[in-house]
Amino acid sequence: EAQVTQNPRYLITVTGKKLTVTCSQNMNHEYMSWYRQDPGLGLRQIYYSMNVEVTDKGDVPEGYKVSRKEKRNFPLILESPSPNQTSLYFCASSLGGTAIEAFFGQGTRLTVV
Amino acid sequence: QKEVEQNSGPLSVPEGAIASLNCTYSDRGSQSFFWYRQYSGKSPELIMSIYSNGDKEDGRFTAQLNKASQYVSLLIRDSQPSDSATYLCAVRRSNTGNQFYFGTGTSLTVIP
């Protein structure tokens with residue numbers, strides 16, 4: 001089954017404690033990206049990757065890091081989480097080319113206290 | 001000014017009616033336009049994409065694009081209660097690489 005898998009689904013952490021949210025796709029997609037979704041602000045793109053070792057900033061990259069060492073994985077790293085990073089996070093992937101955000105993961109609800 | 005604007009709703013239509021959802025975008029260089037459906041607590045699902053002016057139909061869904069007016073719409077014909085969801089408009093600005101911008105979404109309720 002074609003899917004984008006995020007882990008964990010839910011996470012509560014404390015300010016400053018480094019964390020990683022994993023994202024993996026099994027469709028051999030070139031393009032992957034990360035979003036956060038907040039009430040009243042909608043989905044905002046954090047980072048995206050056109051292919052292995054190619055990443056670029058989206059609309060709200062501050063406080064986040066990503067890496068793309070393999071095509072299937074695109075982890076989101078919060079080096080020093082803060083309460084304003086409390087949000088619902090989605091990973092997405094697509095074949096590339098027209099770069100349609102075709103497949104979204106199930107989401108990760110992160111709370112930073 | 002927001003990149004993509006949508007009326008938040010809620011929009012209510014009776015079952016069988018046409019639901020009309022609207023979206024405007026700020027950057028004239030935008031090239032690609034998308035509509036997503038998001039059920040409460042779920043991830044967005046791609047419904048339609050449109051790239052050129054005019055209408056594009058897929059089943060009960062019709063996307064309309066007017067680049068001169070910077071306007072995108074989605075029509076849902078014969079609305080069903082299962083169409084009740086939040087609809088997100090998204091835009092890709094080719095002059096900034098592959099950044100996507102989403103609207104905040106319009107909540108649609110189809111009343112049986």
# chains A, B, ... in the order shown; residues from 1 in each chain; ligands from 1
>>> residues_around(residues="Cys91 of chain A", least_positions_apart="2", cutoff="12 Å", atoms="only C-alpha atoms", output="ChimeraX atom specification")
/A:3-9,21-25,31-37,43-49,66,72-76,88-89,93-94,101-109 /B:43-44
>>> residues_around(residues="segment 79-86 of chain B", least_positions_apart="4", cutoff="12 Å", atoms="only C-alpha atoms", output="ChimeraX atom specification")
/A:42 /B:6-21,35-45,47,59-61,75,103-112
>>> select_by_dssp(residues="chain B", states="helix (DSSP H, G or I)", output="list in words")
Pro81, Ser82, Asp83, Ser94, Asn95 and Thr96 of chain B
>>> select_by_dssp(residues="chain A", states="strand (DSSP E or B)", output="MDAnalysis selection string")
chainID A and resid 4:7 10:13 19:25 31:38 42:51 54:57 65:66 73 76:78 87:94 103:104 108:112
